[in-house]
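Comments concern the structure below.
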Amino acid sequence: MLLCGPSGSGKSLLAQHSGLPVLRLDDFYKEGHDPTLPQVLGSSDIDWDDPASWDADAAVAAITDLCRSGRTTVPVYDISLSARTGEDSVDIGRTPLFVAEGIFAAEIVGRCRDLGVLADALCLSRGPVRTFRRRFLRDLREGRKSVAFLVRRGWRLMRAERAIIARQAGLGAHPCDRDEAMGRLAAAAAGRCTQARTAS
């Protein structure tokens, strides 16, 4: 089950409340010294909201490992340091479904579908203003980046939110609110999803 949506839309919280194992796709960010990292147009800021700042190949490999063997090794990523600080093991045992959540999850919908490991793909949306407030308070609390960076990023993302959701929907993720997302998660867990039953 792939779960995407704008930063701050509540993906992580919803995934936790689902009761299913969770794979954090944000741990597959590239490190801050990577020369391929994109920059915000007209700025020296790294554009962490551009899919090019993320390692899609490694994320797909981890999802495939979990589907085939029930376990995989993933990086541990510190957003405040823009760096990988270690590795961790994810083991879902014999659970037939898990949630892979992150802002770039929609980027791999097609690949997961082609590999036969997609149960469903959802794009969580709560509205630009509400998402802005939630994202800013979370990032400030966790000390993810400087306050100035968070303000610039938050304003940019608020203005772009409708376009972000439209893009993710175009990639195959179903836009929905929290209640509909929980319903579709429950349906997939019960084996009623219209796509492949094998998890991702």
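By convention in this document, the chains of the structure tokens carry letters A, B, ... by their order, each chain's residues are numbered from 1, and ligands are numbered from 1 in the order they are shown.
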
With a distance cut-off of 9 Å and only C-alpha atoms, select the neighbouring residues of stretch 99-114 of chain A, excluding the residue or stretch itself and same-chain residues fewer than 3 positions from it, and output the selection as a PyMOL selection string. chain A and resi 1-7+11-12+15+18+20-27+49-51+54+56-57+59-60+63-64+117-123+167-173+185+195-196+199-200

Need the shell around A:Leu150: protein/DNA/RNA residues with any atom at most 12 Å away, counting only C-alpha atoms. Skip same-chain ones fewer than 3 positions apart. Format as a list in words? Ser7, Asp45, Asp47, Trp48, Ser80, Phe132, Arg133, Arg135, Phe136, Leu137, Arg138, Asp139, Leu140, Arg141, Glu142, Gly143, Arg144, Lys145, Ser146, Val147, Arg153, Gly154, Trp155, Arg156, Leu157 and Met158 of chain A

Strand (DSSP E or B) call set, DSSP backbone run, stretch 38-83 of chain A, as a ChimeraX atom specification: /A:39,46,54,71-78,83

Residues from the last selection, all heavy atoms, saved as a JSON list (two decimals), in the first residue's frame:
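Written output follows (out.json):
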```json
[["chain", "number", "residue", "atom", "x", "y", "z"],
["A", 39, "GLN", "N", 18.22, 22.10, -6.92],
["A", 39, "GLN", "CA", 18.08, 23.34, -6.16],
["A", 39, "GLN", "C", 16.78, 24.03, -6.54],
["A", 39, "GLN", "O", 16.27, 23.88, -7.65],
["A", 39, "GLN", "CB", 19.25, 24.29, -6.43],
["A", 39, "GLN", "CG", 20.56, 23.85, -5.80],
["A", 39, "GLN", "CD", 21.64, 24.90, -5.95],
["A", 39, "GLN", "OE1", 21.77, 25.52, -6.99],
["A", 39, "GLN", "NE2", 22.41, 25.11, -4.90],
["A", 46, "ILE", "N", 18.50, 23.71, -1.36],
["A", 46, "ILE", "CA", 18.27, 22.40, -1.97],
["A", 46, "ILE", "C", 16.77, 22.16, -2.01],
["A", 46, "ILE", "O", 16.05, 22.44, -1.04],
["A", 46, "ILE", "CB", 18.97, 21.28, -1.17],
["A", 46, "ILE", "CG1", 20.49, 21.44, -1.26],
["A", 46, "ILE", "CG2", 18.55, 19.91, -1.68],
["A", 46, "ILE", "CD1", 21.26, 20.50, -0.38],
["A", 54, "TRP", "N", 15.62, 12.16, -4.06],
["A", 54, "TRP", "CA", 15.22, 10.89, -3.43],
["A", 54, "TRP", "C", 15.69, 9.72, -4.27],
["A", 54, "TRP", "O", 15.73, 9.80, -5.50],
["A", 54, "TRP", "CB", 13.69, 10.90, -3.32],
["A", 54, "TRP", "CG", 13.05, 9.77, -2.60],
["A", 54, "TRP", "CD1", 13.13, 9.47, -1.28],
["A", 54, "TRP", "CD2", 12.16, 8.80, -3.18],
["A", 54, "TRP", "NE1", 12.34, 8.38, -0.99],
["A", 54, "TRP", "CE2", 11.74, 7.95, -2.15],
["A", 54, "TRP", "CE3", 11.68, 8.58, -4.47],
["A", 54, "TRP", "CZ2", 10.87, 6.89, -2.35],
["A", 54, "TRP", "CZ3", 10.82, 7.53, -4.69],
["A", 54, "TRP", "CH2", 10.42, 6.70, -3.64],
["A", 71, "ARG", "N", 11.43, -9.16, 4.86],
["A", 71, "ARG", "CA", 12.43, -8.37, 5.59],
["A", 71, "ARG", "C", 13.34, -7.63, 4.61],
["A", 71, "ARG", "O", 13.50, -8.03, 3.46],
["A", 71, "ARG", "CB", 13.26, -9.25, 6.51],
["A", 71, "ARG", "CG", 14.08, -10.31, 5.79],
["A", 71, "ARG", "CD", 14.87, -11.14, 6.78],
["A", 71, "ARG", "NE", 13.98, -11.85, 7.69],
["A", 71, "ARG", "CZ", 13.47, -13.05, 7.44],
["A", 71, "ARG", "NH1", 13.74, -13.66, 6.29],
["A", 71, "ARG", "NH2", 12.68, -13.63, 8.29],
["A", 72, "THR", "N", 13.93, -6.55, 5.10],
["A", 72, "THR", "CA", 14.88, -5.78, 4.30],
["A", 72, "THR", "C", 15.71, -4.89, 5.21],
["A", 72, "THR", "O", 15.38, -4.71, 6.39],
["A", 72, "THR", "CB", 14.16, -4.92, 3.23],
["A", 72, "THR", "OG1", 15.10, -4.43, 2.27],
["A", 72, "THR", "CG2", 13.43, -3.74, 3.88],
["A", 73, "THR", "N", 16.78, -4.34, 4.67],
["A", 73, "THR", "CA", 17.62, -3.38, 5.39],
["A", 73, "THR", "C", 17.41, -2.00, 4.78],
["A", 73, "THR", "O", 17.42, -1.86, 3.55],
["A", 73, "THR", "CB", 19.11, -3.76, 5.30],
["A", 73, "THR", "OG1", 19.29, -5.06, 5.88],
["A", 73, "THR", "CG2", 19.97, -2.76, 6.06],
["A", 74, "VAL", "N", 17.18, -1.00, 5.62],
["A", 74, "VAL", "CA", 16.91, 0.36, 5.13],
["A", 74, "VAL", "C", 17.85, 1.34, 5.80],
["A", 74, "VAL", "O", 18.35, 1.09, 6.91],
["A", 74, "VAL", "CB", 15.45, 0.77, 5.42],
["A", 74, "VAL", "CG1", 14.47, -0.15, 4.71],
["A", 74, "VAL", "CG2", 15.17, 0.79, 6.92],
["A", 75, "PRO", "N", 18.12, 2.48, 5.16],
["A", 75, "PRO", "CA", 18.93, 3.51, 5.80],
["A", 75, "PRO", "C", 18.15, 4.21, 6.91],
["A", 75, "PRO", "O", 16.92, 4.26, 6.88],
["A", 75, "PRO", "CB", 19.25, 4.47, 4.66],
["A", 75, "PRO", "CG", 18.16, 4.26, 3.66],
["A", 75, "PRO", "CD", 17.75, 2.83, 3.78],
["A", 76, "VAL", "N", 18.87, 4.72, 7.88],
["A", 76, "VAL", "CA", 18.29, 5.61, 8.90],
["A", 76, "VAL", "C", 18.72, 7.02, 8.52],
["A", 76, "VAL", "O", 19.93, 7.31, 8.47],
["A", 76, "VAL", "CB", 18.78, 5.25, 10.30],
["A", 76, "VAL", "CG1", 18.26, 6.27, 11.32],
["A", 76, "VAL", "CG2", 18.35, 3.84, 10.68],
["A", 77, "TYR", "N", 17.75, 7.88, 8.24],
["A", 77, "TYR", "CA", 18.05, 9.21, 7.71],
["A", 77, "TYR", "C", 17.68, 10.29, 8.72],
["A", 77, "TYR", "O", 16.60, 10.28, 9.28],
["A", 77, "TYR", "CB", 17.28, 9.44, 6.40],
["A", 77, "TYR", "CG", 17.76, 10.62, 5.59],
["A", 77, "TYR", "CD1", 18.74, 10.46, 4.62],
["A", 77, "TYR", "CD2", 17.24, 11.89, 5.81],
["A", 77, "TYR", "CE1", 19.19, 11.54, 3.87],
["A", 77, "TYR", "CE2", 17.69, 12.98, 5.07],
["A", 77, "TYR", "CZ", 18.66, 12.80, 4.11],
["A", 77, "TYR", "OH", 19.12, 13.86, 3.38],
["A", 78, "ASP", "N", 18.61, 11.21, 8.95],
["A", 78, "ASP", "CA", 18.38, 12.35, 9.83],
["A", 78, "ASP", "C", 18.13, 13.58, 8.95],
["A", 78, "ASP", "O", 19.06, 14.09, 8.32],
["A", 78, "ASP", "CB", 19.60, 12.57, 10.73],
["A", 78, "ASP", "CG", 19.34, 13.61, 11.81],
["A", 78, "ASP", "OD1", 18.69, 14.64, 11.51],
["A", 78, "ASP", "OD2", 19.81, 13.42, 12.95],
["A", 83, "ALA", "N", 21.50, 13.61, 6.20],
["A", 83, "ALA", "CA", 22.49, 12.53, 6.11],
["A", 83, "ALA", "C", 21.92, 11.22, 6.62],
["A", 83, "ALA", "O", 21.04, 11.20, 7.49],
["A", 83, "ALA", "CB", 23.73, 12.90, 6.90]]
```

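The closest residue to A:Ala187, picked from A:Leu37, A:Ala61, A:Leu66, A:Leu97 and counting only C-alpha atoms, is A:Leu97.
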
Among chain A, which ones does DSSP assign to alpha helix (DSSP H) (computed from the backbone)? Answer as a PyMOL selection string. chain A and resi 11-17+56-69+109-114+128-142+147-170+178-189
